[in-house]
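J.: I am attaching a structure below and will ask some questions about it afterwards.
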Amino acid sequence: MPVKYEINVPATSANIGPGYDVLGLSLSLYLTVNVHIDNDAPTDGDAANYNITILYEGENSDGLSLDPRKNLITDTAIYVLACNGFKQFPHPTTLRVNNNIPLGRGLGSSGAAVVAGVVLADIVGSLGMSQQRMLEYCLMIEHHPDNVAAALLGGFVANYVVDRDSSQAIRPTERLSDTERMQRGREEKAAAANSAIAIPPENICQSVRLGCSPKIKAVAIIPQFELATSKARAVLPEKYAPNDVVFNLQRLAILTTALGSDTLNPWLIYGAMADKVHQPYRMHLIPGLPEILTTFNPDNTPGLLGICLSGAGPTILALAVSNFEEIAAKIQSVFARQPNGGVATEYKLLEIVGDGATCVQKS
């Protein structure tokens with residue numbers, strides 16, 4: 001009998017100023033994947049399409065591949081399934097994907113696709129993975145945790161990655177459930193049969209959800225051009241001055257507490273969202289960014305708490321408690337008066353959502 005599921009993965013904003021590759025927020029904008037598994041259909045063991053068909057609906061789908069090995073959702077799922085002994089999807093499966101997360105804008109579109117792929121593999125393969133194990137699979141594709149952890153766990157999330165090549169102690173795996181032991185057994189068997197399979201190390205990342213006041217909303221100003229994360233990372237230096245690192249550490253320590261306070265202090269948060277590690281080096285990639293980061297503050301823009309690049313950009317994220325349209329209009333005006341006709345932008349007012357990725361069986 002056919003089975004249907006709906007997977008929803010939220011957009012995310014990473015870094016939040018000083019928290020480069022550390023902090024992430026999940027936002028009320030979603031990648032939705034409707035899954036139809038035909039358990040009654042015969043399975044072709046040599047299917048060139050891995051028993052998977054992909055269909056896209058709605059906006060933000062231009063240029064996305066329908067080839068299972070080139071599409072990030074299905075390629076991730078195929079990798080996870082391979083690590084658990086499957087050469088393809090166990091049963092003929094159709095995906096209907098509706099992506100509401102703008103591509104290449106710093107709102108975690110690729111991270112959401114990776115998370116969706118891991119969740120998809122978990123349900124079609126009946127793998128029974130824990131949330132921690134799913135995160136470890138995500139990191140094998142995405143490599144840095146800020147977006148994928150926020151998309152998977154939801155809320156305001158901080159992370160660190162364990163350096164496997166150092167002497168840093170790694171905590172032993174907690175007692176596994178019977179389902180988790182079976183899943184680890186499938187991984188061991190798959191790795192023994194194919195040495196080319198890269199099974200994720202255990203406990204490679206640690207994440208914690210932080211407090212975030214429900215009063216805070218995210219004002220996202222989305223320029224109508226894409227900025228590849230690889231390009232935005234390429235401009236960063238290999239080494240930093242100690243003073244710049246200390247600057248970020250000081251603000252990171254304050255920010256992780258200040259956003260969850262019962263009484264929000266706008267100037268405290270505004271100062272704590274300053275950064276010297278990534279934003280200064282990306283100024284030339286985003287027209288108007290220097291003015292945006294230095295002009296608006298809680299005094300001249302009531303309701304504003306802080307302002308930063310969302311991820312690698314080009315989206316601007318303003319955290320605020322009121323006057324959302326006024327804040328958006330001010331930032332958009334800076335983009336509009338840039339040379340050569342200005343930069344077109346879109347404004348979205350988003351909630352910081354507590355739920356991460358969800359998967360619900362449909363009737």
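Labels used: A, B, ... for chains in the order of the structure tokens, numbers from 1 for residues in each chain, and numbers from 1 for ligands as shown.
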Extract, using only C-alpha atoms, all DNA, RNA and protein residues at most 12 Å from A:Pro290, discarding same-chain residues fewer than 2 positions from it, and format them as number ranges by chain.

T.: A: 279-288, 292-296, 307-309, 316, 331, 334-335, 338

J.: Name all residues at most 12 Å from stretch 271-273 of chain A (count only C-alpha atoms; drop same-chain ones fewer than 6 positions away) and give them as a PyMOL selection string.

T.: chain A and resi 15-20+23+247-259+265+279+293-294+297-298+304-310+317-319

J.: How many Å lie between atom CA of A:Ala357 and atom CA of A:Pro145, rounded to one decimal?

T.: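 Going from atom CA of A:Ala357 over to atom CA of A:Pro145, I get 14.8 Å.
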
J.: Tell me, which residues of stretch 143-312 of chain A carry DSSP helix (DSSP H, G or I), written as a PyMOL selection string?

T.: chain A and resi 145-153+178-193+229-234+242-258+266-272+279-285+289-295

J.: Between atom CA of A:Pro302 and atom CA of A:Val246, what is the spacing in Å?

T.: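 According to the coordinates, atom CA of A:Val246 and atom CA of A:Pro302 are separated by 29.5 Å.
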
J.: Which is closer to A:Ile199 than all the others in A:Leu81, A:Ala312, A:Ala121, A:Ala11, using only C-alpha atoms?

T.: A:Leu81
